[in-house]
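Colleague: Structure incoming, see below.
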Amino acid sequence: MDPVSTEEIQRRLLGWFARHRRDLPFRRDRSPYRVLLTEVMSQQTAAEAVGHHLERFLVRFPDVPTLAAAAEQDVLALWQGLGYYSRARNLHRAARMMVERFGGHVPADPADLRALPGVGPYIAAAIGSFAFGRDAAAFDANAARVLARLFDLDRATPGLAESLLPHGRAADWNEAVMDLGALVCVPRAPRCALCPLADLCAGRQAGRAASLPCKPVRRPRPEVEVTTLVLRDGAGRLGLVQRPSAGLLAGMWECPSVEGGASPAEVARRHSLDLCGEVEPLPALRYTFTHRIWRVRPYRAVGHGPVRWVDAAEMRELPLGGPSARLAVAEGARIAVPK
DNA sequence: AATACGGGGAT
DNA sequence: ATCCCAGTATT
């Protein structure tokens with residue numbers, strides 16, 4: 001890329017950005033802690049879902065020391081519904097590291113940022129540029145798509161993004177590239193007629209902008225059958241168990257379940273539950289994760305055993321994993337209300 | 001270099 | 001039903 005064209009790209013895109021900038025709520029306050037939270041929450045997550053959770057999270061955990069002092073379960077509970085729960089666990093660990101090593105503040109040094117759990121190249125660059133005014137290229141999926149098309153590449157590289165950065169304007173530039181990717185240079189059907197770079201775009205000239213960047217072939221998701229007990233005690237409370245601290249829905253609570261087409265009696269045996277009376281089948285439920293599908297076969301049952309019995313109020317404080325959260329909501333009206 | 005890791009919105 | 005996303009950690 002010769003310097004004249006680079007400057008032309010920068011001039012046009014920043015000019016476009018001045019007129020079409022998205023007014024996102026989390027762009028107004030650029031304090032390092034808020035930027036960190038915003039970027040972690042935004043990762044692979046729609047902006048609309050982030051707004052609500054971000055405000056709620058900030059009320060409960062307004063600064064790094066407050067977050068560091070919290071119980072992990074409470075952090076997970078506020079993360080419920082956002083997905084990718086390792087983000088919440090890493091954020092909590094990062095807060096503790098920031099208290100121990102950086103006086104309870106988000107560090108400005110790029111190497112210190114990268115050392116925080118959950119902070120990778122993108123988030124380090126985002127914090128660097130948005131909160132600390134550094135010249136760092138935030139190479140996200142938008143940038144990868146915009147640059148692959150602009151230069152007609154199967155895949156763009158972080159180095160290319162770095163080379164286009166206008167000195168001293170990284171924050172605006174990063175947002176400009178993201179907004180172009182979100183509003184104009186969209187994945188399926190790019191709106192090239194609205195693009196300020198259309199006549200410079202090699203991918204468009206080659207007639208293959210819409211198919212860039214080249215995506216790897218996806219394997220079909222395996223389907224797993226999961227038998228689940230919607231379990232109650234004599235008082236009508238719901239019996240929940242906690243998932244392991246690693247892997248899918250790590251640390252989240254759920255109805256006692258077993259994978260692999262087990263019978264309800266087998267689920268009870270595996271969780272050391274004593275069931276009283278009949279089990280009642282509930283409508284089956286299909287739950288799609290990123291990389292697998294659960295065919296959930298829920299049964300309503302009454303019994304006792306080594307589970308955590310929760311009433312409706314307690315349930316709201318616990319982080320519930322995907323399918324069980326859905327089941328619990330469906331059962332909500334039936335769960336005992338505290339007096 | 002692949003794969004694991006959620007959930008919701010757009011098409 | 002499928003694709004995609006303000007990615008990161010692990011293997």
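Within each chain, counting starts at residue 1; across the structure tokens, chains are named A, B, ... in the order shown, with ligands numbered 1 upward in that order.
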Would you list which chain A residues are within 9 Å of chain C using only C-alpha atoms (C1' of nucleotides), as a list in words?

Modeller: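 So the contacting residues turn out to be Thr38, Glu39, Val40, Met41, Ser42, Gln43, Gln44, Thr45, Ala46, Ala47, Arg87, Pro117, Gly118, Val119, Gly120, Pro121, Tyr122, Ile123, Ala126, Ala138, Asp140, Ala141, Asn142, Met178, Pro187 and Arg188 of chain A.
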
Colleague: Using only N, CA and C atoms, please write the residues we just selected to a file, as a short mmCIF file (atom, residue, chain, number, x, y, z; two decimals), in the first residue's frame.

Modeller:
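That gives us selection-v1.cif:
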```
data_model
loop_
_atom_site.label_atom_id
_atom_site.label_comp_id
_atom_site.auth_asym_id
_atom_site.auth_seq_id
_atom_site.Cartn_x
_atom_site.Cartn_y
_atom_site.Cartn_z
N THR A 38 -16.92 -2.83 28.81
CA THR A 38 -17.63 -2.78 27.53
C THR A 38 -17.04 -3.74 26.53
N GLU A 39 -15.72 -3.75 26.43
CA GLU A 39 -15.09 -4.60 25.42
C GLU A 39 -15.26 -6.07 25.75
N VAL A 40 -15.14 -6.41 27.03
CA VAL A 40 -15.31 -7.82 27.39
C VAL A 40 -16.75 -8.25 27.12
N MET A 41 -17.70 -7.41 27.48
CA MET A 41 -19.11 -7.77 27.25
C MET A 41 -19.45 -7.80 25.77
N SER A 42 -18.85 -6.91 25.00
CA SER A 42 -19.20 -6.80 23.59
C SER A 42 -18.66 -7.95 22.76
N GLN A 43 -17.66 -8.64 23.33
CA GLN A 43 -17.01 -9.71 22.58
C GLN A 43 -18.05 -10.73 22.12
N GLN A 44 -18.19 -10.86 20.82
CA GLN A 44 -19.10 -11.85 20.23
C GLN A 44 -20.54 -11.66 20.69
N THR A 45 -20.89 -10.43 21.04
CA THR A 45 -22.21 -10.20 21.64
C THR A 45 -22.83 -8.93 21.07
N ALA A 46 -24.12 -8.96 20.78
CA ALA A 46 -24.80 -7.83 20.16
C ALA A 46 -24.84 -6.63 21.09
N ALA A 47 -24.68 -5.45 20.52
CA ALA A 47 -24.62 -4.21 21.28
C ALA A 47 -25.88 -3.99 22.12
N ARG A 87 -15.64 -15.35 30.25
CA ARG A 87 -15.35 -13.92 30.24
C ARG A 87 -15.57 -13.32 31.62
N PRO A 117 -6.08 -11.77 32.58
CA PRO A 117 -6.85 -12.87 31.99
C PRO A 117 -8.08 -12.34 31.26
N GLY A 118 -8.27 -12.81 30.05
CA GLY A 118 -9.40 -12.38 29.24
C GLY A 118 -9.09 -11.20 28.34
N VAL A 119 -7.90 -10.62 28.50
CA VAL A 119 -7.51 -9.50 27.64
C VAL A 119 -6.54 -10.01 26.58
N GLY A 120 -7.01 -10.06 25.35
CA GLY A 120 -6.18 -10.49 24.23
C GLY A 120 -5.76 -9.30 23.40
N PRO A 121 -5.28 -9.52 22.21
CA PRO A 121 -4.78 -8.43 21.36
C PRO A 121 -5.85 -7.38 21.08
N TYR A 122 -7.08 -7.82 20.81
CA TYR A 122 -8.13 -6.85 20.49
C TYR A 122 -8.44 -5.94 21.67
N ILE A 123 -8.74 -6.53 22.82
CA ILE A 123 -9.16 -5.71 23.96
C ILE A 123 -8.02 -4.83 24.45
N ALA A 126 -8.05 -1.98 22.13
CA ALA A 126 -9.24 -1.15 22.33
C ALA A 126 -9.06 -0.26 23.56
N ALA A 138 -7.31 -1.84 16.73
CA ALA A 138 -8.24 -2.84 17.30
C ALA A 138 -8.73 -3.71 16.15
N ASP A 140 -10.69 -6.35 14.98
CA ASP A 140 -11.82 -7.23 15.30
C ASP A 140 -12.39 -7.81 14.00
N ALA A 141 -13.53 -8.46 14.13
CA ALA A 141 -14.12 -9.10 12.96
C ALA A 141 -14.53 -8.07 11.90
N ASN A 142 -14.95 -6.88 12.33
CA ASN A 142 -15.27 -5.83 11.37
C ASN A 142 -14.04 -5.42 10.57
N MET A 178 -14.97 -0.07 12.54
CA MET A 178 -16.05 -0.91 13.10
C MET A 178 -17.41 -0.47 12.58
N PRO A 187 -21.65 -8.38 6.50
CA PRO A 187 -21.19 -9.70 6.06
C PRO A 187 -21.84 -10.19 4.77
N ARG A 188 -23.17 -10.24 4.71
CA ARG A 188 -23.80 -10.95 3.60
C ARG A 188 -23.88 -10.11 2.32
#
```

Colleague: What lies within 8 Å of A:Arg89 using only C-alpha atoms (C1' of nucleotides), ignoring chain neighbours under 2 positions off, as a list of chain:residue names?

Modeller: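 Residues meeting the cut-off are A:Glu72, A:Val75, A:Leu76, A:Tyr85, A:Ser86, A:Arg87, A:Leu91, A:His92, A:Arg93.
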
Colleague: With all heavy atoms retained, write the just-selected residues as a CSV table (one decimal), in the first residue's frame.

Modeller:
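This is the output file result-v4.csv:
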```
chain,number,residue,atom,x,y,z
A,72,GLU,N,-17.4,-14.8,43.1
A,72,GLU,CA,-17.5,-15.2,41.7
A,72,GLU,C,-18.9,-15.5,41.3
A,72,GLU,O,-19.4,-15.2,40.2
A,72,GLU,CB,-16.6,-16.3,41.4
A,72,GLU,CG,-16.5,-16.7,39.9
A,72,GLU,CD,-15.7,-17.9,39.6
A,72,GLU,OE1,-14.5,-17.7,39.5
A,72,GLU,OE2,-16.2,-19.0,39.6
A,75,VAL,N,-20.8,-12.4,40.4
A,75,VAL,CA,-20.4,-11.9,39.1
A,75,VAL,C,-21.0,-12.7,38.0
A,75,VAL,O,-21.6,-12.2,37.0
A,75,VAL,CB,-18.8,-12.0,38.9
A,75,VAL,CG1,-18.4,-11.4,37.6
A,75,VAL,CG2,-18.2,-11.2,40.1
A,76,LEU,N,-21.0,-14.1,38.1
A,76,LEU,CA,-21.6,-14.9,37.1
A,76,LEU,C,-23.1,-14.7,37.0
A,76,LEU,O,-23.7,-14.7,35.9
A,76,LEU,CB,-21.4,-16.4,37.5
A,76,LEU,CG,-20.1,-17.1,37.1
A,76,LEU,CD1,-20.0,-18.5,37.6
A,76,LEU,CD2,-19.9,-17.0,35.5
A,85,TYR,N,-19.2,-17.6,29.5
A,85,TYR,CA,-19.1,-17.3,31.0
A,85,TYR,C,-17.7,-17.2,31.5
A,85,TYR,O,-17.4,-16.6,32.5
A,85,TYR,CB,-20.0,-18.2,31.8
A,85,TYR,CG,-21.4,-18.0,31.4
A,85,TYR,CD1,-22.0,-18.9,30.5
A,85,TYR,CD2,-22.1,-17.0,31.9
A,85,TYR,CE1,-23.3,-18.7,30.1
A,85,TYR,CE2,-23.4,-16.8,31.6
A,85,TYR,CZ,-24.0,-17.6,30.6
A,85,TYR,OH,-25.3,-17.4,30.2
A,86,SER,N,-16.7,-17.8,30.7
A,86,SER,CA,-15.3,-17.6,31.1
A,86,SER,C,-14.9,-16.2,31.0
A,86,SER,O,-14.0,-15.7,31.7
A,86,SER,CB,-14.4,-18.4,30.2
A,86,SER,OG,-14.4,-17.9,28.9
A,87,ARG,N,-15.6,-15.4,30.2
A,87,ARG,CA,-15.3,-13.9,30.2
A,87,ARG,C,-15.6,-13.3,31.6
A,87,ARG,O,-14.8,-12.5,32.1
A,87,ARG,CB,-16.3,-13.2,29.2
A,87,ARG,CG,-16.0,-13.5,27.8
A,87,ARG,CD,-16.9,-12.7,26.9
A,87,ARG,NE,-18.3,-13.0,27.1
A,87,ARG,CZ,-19.3,-12.3,26.5
A,87,ARG,NH1,-19.0,-11.3,25.7
A,87,ARG,NH2,-20.6,-12.7,26.6
A,91,LEU,N,-12.7,-11.9,34.0
A,91,LEU,CA,-12.8,-10.5,34.4
A,91,LEU,C,-12.7,-10.3,35.9
A,91,LEU,O,-12.0,-9.4,36.4
A,91,LEU,CB,-14.2,-9.9,33.9
A,91,LEU,CG,-14.5,-8.4,34.2
A,91,LEU,CD1,-13.5,-7.6,33.4
A,91,LEU,CD2,-15.9,-8.1,33.8
A,92,HIS,N,-13.3,-11.3,36.6
A,92,HIS,CA,-13.2,-11.3,38.1
A,92,HIS,C,-11.7,-11.5,38.5
A,92,HIS,O,-11.2,-10.8,39.3
A,92,HIS,CB,-14.1,-12.4,38.6
A,92,HIS,CG,-14.2,-12.4,40.1
A,92,HIS,ND1,-14.1,-13.5,40.8
A,92,HIS,CD2,-14.4,-11.3,41.0
A,92,HIS,CE1,-14.3,-13.2,42.1
A,92,HIS,NE2,-14.5,-11.9,42.2
A,93,ARG,N,-11.1,-12.5,37.9
A,93,ARG,CA,-9.7,-12.7,38.2
A,93,ARG,C,-8.8,-11.5,37.8
A,93,ARG,O,-7.9,-11.1,38.5
A,93,ARG,CB,-9.2,-13.9,37.4
A,93,ARG,CG,-9.7,-15.2,37.9
A,93,ARG,CD,-9.3,-16.4,37.0
A,93,ARG,NE,-7.9,-16.4,36.7
A,93,ARG,CZ,-7.4,-16.9,35.5
A,93,ARG,NH1,-8.2,-17.3,34.6
A,93,ARG,NH2,-6.1,-16.9,35.3
```

Colleague: Could you please write out, as a VMD selection string, every residue of stretch 220-250 of chain A that DSSP assigns to strand (DSSP E)?

Modeller: chain A and resid 223 to 232 238 to 242

Colleague: Which of these, A:Ala70, A:Leu238, A:Val302, A:Ala246, has the shortest distance to B:DA4 once you count only C-alpha atoms (C1' of nucleotides)?

Modeller: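 Closest residue, counting only C-alpha atoms (C1' of nucleotides): A:Ala246.
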
Colleague: Identify all chain B residues at most 9 Å from chain A by counting only C-alpha atoms (C1' of nucleotides); ligands do not count. Present them as a list in words.

Modeller: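 Listed by rising number, the hits are DA4, DC5, DG6, DG7, DG8, DG9 and DT11 of chain B.
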
Colleague: Do a neighbour search on A:Tyr299 at 6 Å with only C-alpha atoms (C1' of nucleotides), toss out local chain neighbours closer than 5 positions, and write the hits as a list in words.

Modeller: Leu229, Val230, Glu280, Pro281 and Leu282 of chain A

Colleague: Let me see the file: selected residues, all heavy atoms, as a PDB file, in the first residue's frame.

Modeller:
```pdb
ATOM      1  N   LEU A 229     -33.980 -33.489  35.195  1.00  0.00           N
ATOM      2  CA  LEU A 229     -35.056 -33.564  36.182  1.00  0.00           C
ATOM      3  C   LEU A 229     -35.393 -32.170  36.698  1.00  0.00           C
ATOM      4  O   LEU A 229     -34.533 -31.487  37.265  1.00  0.00           O
ATOM      5  CB  LEU A 229     -34.639 -34.448  37.366  1.00  0.00           C
ATOM      6  CG  LEU A 229     -34.386 -35.923  37.051  1.00  0.00           C
ATOM      7  CD1 LEU A 229     -34.065 -36.676  38.342  1.00  0.00           C
ATOM      8  CD2 LEU A 229     -35.586 -36.547  36.359  1.00  0.00           C
ATOM      9  N   VAL A 230     -36.610 -31.744  36.468  1.00  0.00           N
ATOM     10  CA  VAL A 230     -37.103 -30.518  37.103  1.00  0.00           C
ATOM     11  C   VAL A 230     -37.615 -30.967  38.471  1.00  0.00           C
ATOM     12  O   VAL A 230     -38.751 -31.414  38.609  1.00  0.00           O
ATOM     13  CB  VAL A 230     -38.201 -29.861  36.255  1.00  0.00           C
ATOM     14  CG1 VAL A 230     -38.718 -28.609  36.931  1.00  0.00           C
ATOM     15  CG2 VAL A 230     -37.666 -29.541  34.869  1.00  0.00           C
ATOM     16  N   GLU A 280     -43.075 -36.957  35.540  1.00  0.00           N
ATOM     17  CA  GLU A 280     -43.988 -36.504  34.481  1.00  0.00           C
ATOM     18  C   GLU A 280     -43.174 -35.884  33.342  1.00  0.00           C
ATOM     19  O   GLU A 280     -42.465 -34.892  33.557  1.00  0.00           O
ATOM     20  CB  GLU A 280     -44.953 -35.464  35.064  1.00  0.00           C
ATOM     21  CG  GLU A 280     -45.845 -34.803  34.055  1.00  0.00           C
ATOM     22  CD  GLU A 280     -46.537 -33.555  34.620  1.00  0.00           C
ATOM     23  OE1 GLU A 280     -46.421 -33.292  35.843  1.00  0.00           O
ATOM     24  OE2 GLU A 280     -47.181 -32.851  33.841  1.00  0.00           O
ATOM     25  N   PRO A 281     -43.225 -36.462  32.152  1.00  0.00           N
ATOM     26  CA  PRO A 281     -42.447 -35.886  31.038  1.00  0.00           C
ATOM     27  C   PRO A 281     -42.967 -34.507  30.650  1.00  0.00           C
ATOM     28  O   PRO A 281     -44.172 -34.282  30.594  1.00  0.00           O
ATOM     29  CB  PRO A 281     -42.636 -36.907  29.910  1.00  0.00           C
ATOM     30  CG  PRO A 281     -43.808 -37.730  30.289  1.00  0.00           C
ATOM     31  CD  PRO A 281     -43.974 -37.667  31.762  1.00  0.00           C
ATOM     32  N   LEU A 282     -42.035 -33.601  30.404  1.00  0.00           N
ATOM     33  CA  LEU A 282     -42.365 -32.263  29.919  1.00  0.00           C
ATOM     34  C   LEU A 282     -41.976 -32.179  28.442  1.00  0.00           C
ATOM     35  O   LEU A 282     -41.227 -33.025  27.954  1.00  0.00           O
ATOM     36  CB  LEU A 282     -41.599 -31.217  30.742  1.00  0.00           C
ATOM     37  CG  LEU A 282     -41.977 -31.132  32.221  1.00  0.00           C
ATOM     38  CD1 LEU A 282     -40.974 -30.274  32.984  1.00  0.00           C
ATOM     39  CD2 LEU A 282     -43.378 -30.570  32.352  1.00  0.00           C
TER      40      LEU A 282
END
```

Colleague: Please provide the set of residues having any atom within 8 Å of A:Phe151, restricted to only C-alpha atoms (C1' of nucleotides), with same-chain residues fewer than 5 positions apart removed, written as a list of chain:residue names.

Modeller: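 Counting only the stated atoms, we get A:Cys201, A:Ala202, A:Gly203.
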
Colleague: Keeping only N, CA, C and O atoms, write the selected residues to a file as a compact mmCIF listing (two decimals), in the first residue's frame.

Modeller:
```txt
# COMPACT_ATOMS: atom_id res chain seq x y z
N CYS A 201 -11.92 -0.08 -3.62
CA CYS A 201 -12.02 -1.42 -3.04
C CYS A 201 -11.67 -2.50 -4.08
O CYS A 201 -12.41 -2.70 -5.06
N ALA A 202 -10.57 -3.19 -3.83
CA ALA A 202 -10.11 -4.22 -4.78
C ALA A 202 -11.06 -5.40 -4.81
O ALA A 202 -11.27 -6.00 -5.86
N GLY A 203 -11.62 -5.75 -3.66
CA GLY A 203 -12.55 -6.87 -3.62
C GLY A 203 -13.80 -6.58 -4.44
O GLY A 203 -14.31 -7.46 -5.13
```

Colleague: So that I can see what lies close to stretch 205-219 of chain A, please list as a CSV table (one decimal) with all heavy atoms, in the first residue's frame the residues with an atom at most 8 Å from it, counting only C-alpha atoms (C1' of nucleotides) and leaving out residues fewer than 3 positions away in the same chain.

Modeller:
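File produced: result24.csv:
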```
chain,number,residue,atom,x,y,z
A,144,ALA,N,-11.3,-7.1,10.1
A,144,ALA,CA,-10.9,-8.2,9.3
A,144,ALA,C,-11.7,-8.3,8.0
A,144,ALA,O,-11.1,-8.6,6.9
A,144,ALA,CB,-11.0,-9.5,10.1
A,145,ARG,N,-13.0,-8.0,8.1
A,145,ARG,CA,-13.8,-8.1,6.9
A,145,ARG,C,-13.6,-6.9,6.0
A,145,ARG,O,-13.4,-7.0,4.8
A,145,ARG,CB,-15.3,-8.1,7.3
A,145,ARG,CG,-16.3,-8.3,6.1
A,145,ARG,CD,-17.7,-8.5,6.6
A,145,ARG,NE,-18.2,-7.5,7.4
A,145,ARG,CZ,-18.4,-7.5,8.7
A,145,ARG,NH1,-18.1,-8.6,9.4
A,145,ARG,NH2,-18.8,-6.5,9.4
A,148,ALA,N,-10.1,-7.2,4.3
A,148,ALA,CA,-10.0,-8.3,3.4
A,148,ALA,C,-10.6,-7.9,2.1
A,148,ALA,O,-10.1,-8.1,1.0
A,148,ALA,CB,-10.7,-9.5,3.9
A,149,ARG,N,-11.8,-7.2,2.1
A,149,ARG,CA,-12.5,-6.7,0.9
A,149,ARG,C,-11.7,-5.6,0.2
A,149,ARG,O,-11.5,-5.6,-1.0
A,149,ARG,CB,-13.9,-6.3,1.3
A,149,ARG,CG,-14.8,-7.4,1.6
A,149,ARG,CD,-16.1,-7.0,2.2
A,149,ARG,NE,-17.0,-8.2,2.4
A,149,ARG,CZ,-18.2,-8.1,3.0
A,149,ARG,NH1,-18.6,-6.9,3.4
A,149,ARG,NH2,-18.9,-9.2,3.2
A,152,ASP,N,-8.8,-7.1,-1.3
A,152,ASP,CA,-9.1,-8.4,-2.0
A,152,ASP,C,-8.2,-9.5,-1.5
A,152,ASP,O,-7.5,-10.2,-2.3
A,152,ASP,CB,-8.9,-8.2,-3.5
A,152,ASP,CG,-9.4,-9.4,-4.3
A,152,ASP,OD1,-10.3,-10.1,-3.8
A,152,ASP,OD2,-9.0,-9.6,-5.4
A,153,LEU,N,-8.2,-9.7,-0.2
A,153,LEU,CA,-7.4,-10.8,0.4
A,153,LEU,C,-8.4,-11.8,1.0
A,153,LEU,O,-9.5,-11.5,1.5
A,153,LEU,CB,-6.6,-10.2,1.6
A,153,LEU,CG,-5.7,-9.1,1.2
A,153,LEU,CD1,-5.1,-8.5,2.5
A,153,LEU,CD2,-4.5,-9.6,0.3
A,154,ASP,N,-8.0,-13.1,0.9
A,154,ASP,CA,-8.8,-14.1,1.6
A,154,ASP,C,-8.9,-13.8,3.1
A,154,ASP,O,-10.0,-14.0,3.6
A,154,ASP,CB,-8.1,-15.5,1.4
A,154,ASP,CG,-8.2,-16.0,0.0
A,154,ASP,OD1,-8.9,-15.4,-0.8
A,154,ASP,OD2,-7.6,-17.0,-0.3
A,155,ARG,N,-7.9,-13.4,3.7
A,155,ARG,CA,-7.9,-13.0,5.1
A,155,ARG,C,-7.0,-11.8,5.3
A,155,ARG,O,-5.8,-11.8,4.8
A,155,ARG,CB,-7.4,-14.1,6.0
A,155,ARG,CG,-8.0,-15.4,5.7
A,155,ARG,CD,-7.7,-16.4,6.8
A,155,ARG,NE,-8.5,-16.2,8.0
A,155,ARG,CZ,-9.7,-16.7,8.1
A,155,ARG,NH1,-10.3,-17.3,7.1
A,155,ARG,NH2,-10.4,-16.5,9.2
A,156,ALA,N,-7.4,-10.8,6.0
A,156,ALA,CA,-6.6,-9.7,6.4
A,156,ALA,C,-5.7,-10.0,7.6
A,156,ALA,O,-6.0,-11.0,8.3
A,156,ALA,CB,-7.4,-8.4,6.7
A,187,PRO,N,-21.6,-8.4,6.5
A,187,PRO,CA,-21.2,-9.7,6.1
A,187,PRO,C,-21.8,-10.2,4.8
A,187,PRO,O,-21.1,-10.6,3.8
A,187,PRO,CB,-21.5,-10.6,7.2
A,187,PRO,CG,-21.5,-9.7,8.4
A,187,PRO,CD,-22.0,-8.4,7.9
A,188,ARG,N,-23.2,-10.2,4.7
A,188,ARG,CA,-23.8,-11.0,3.6
A,188,ARG,C,-23.9,-10.1,2.3
A,188,ARG,O,-23.4,-10.5,1.3
A,188,ARG,CB,-25.2,-11.4,4.0
A,188,ARG,CG,-25.3,-12.0,5.3
A,188,ARG,CD,-25.2,-13.5,5.3
A,188,ARG,NE,-25.4,-14.0,6.6
A,188,ARG,CZ,-26.5,-14.8,6.9
A,188,ARG,NH1,-27.3,-15.1,6.0
A,188,ARG,NH2,-26.6,-15.2,8.1
A,189,ALA,N,-24.5,-8.9,2.4
A,189,ALA,CA,-24.8,-8.1,1.2
A,189,ALA,C,-24.3,-6.7,1.5
A,189,ALA,O,-25.0,-5.8,1.9
A,189,ALA,CB,-26.3,-8.1,0.9
A,190,PRO,N,-23.0,-6.5,1.2
A,190,PRO,CA,-22.4,-5.2,1.5
A,190,PRO,C,-23.1,-4.1,0.7
A,190,PRO,O,-23.4,-4.3,-0.5
A,190,PRO,CB,-20.9,-5.4,1.0
A,190,PRO,CG,-20.9,-6.6,0.2
A,190,PRO,CD,-22.0,-7.5,0.7
A,199,ASP,N,-14.8,3.0,-4.6
A,199,ASP,CA,-13.9,3.0,-5.9
A,199,ASP,C,-12.5,2.6,-5.6
A,199,ASP,O,-11.7,2.4,-6.6
A,199,ASP,CB,-14.0,4.4,-6.5
A,199,ASP,CG,-13.5,5.5,-5.6
A,199,ASP,OD1,-14.0,5.6,-4.5
A,199,ASP,OD2,-12.5,6.2,-6.0
A,201,CYS,N,-11.9,-0.1,-3.6
A,201,CYS,CA,-12.0,-1.4,-3.0
A,201,CYS,C,-11.7,-2.5,-4.1
A,201,CYS,O,-12.4,-2.7,-5.1
A,201,CYS,CB,-13.4,-1.6,-2.5
A,201,CYS,SG,-13.7,-3.2,-1.7
A,202,ALA,N,-10.6,-3.2,-3.8
A,202,ALA,CA,-10.1,-4.2,-4.8
A,202,ALA,C,-11.1,-5.4,-4.8
A,202,ALA,O,-11.3,-6.0,-5.9
A,202,ALA,CB,-8.7,-4.7,-4.4
```

Colleague: In Å to one decimal, how far is atom CA of A:Gly159 from atom CA of A:Gly15?

Modeller: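 Separation of atom CA of A:Gly15 and atom CA of A:Gly159: 23.6 Å.
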
Colleague: Excluding A:Arg286 and residues on its chain fewer than 5 positions from it, collect all residues at most 7 Å away from it, counting only C-alpha atoms (C1' of nucleotides), and give them as a list in words.

Modeller: Trp294, Arg295 and Val296 of chain A

Colleague: Would you output that residue set with C-alpha atoms, as a compact mmCIF listing (two decimals), in the first residue's frame?

Modeller:
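Heads up, here's the output in out-v4.txt:
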```txt
# COMPACT_ATOMS: atom_id res chain seq x y z
CA TRP A 294 -28.62 -30.46 23.24
CA ARG A 295 -31.86 -32.34 22.81
CA VAL A 296 -33.19 -31.84 26.31
```
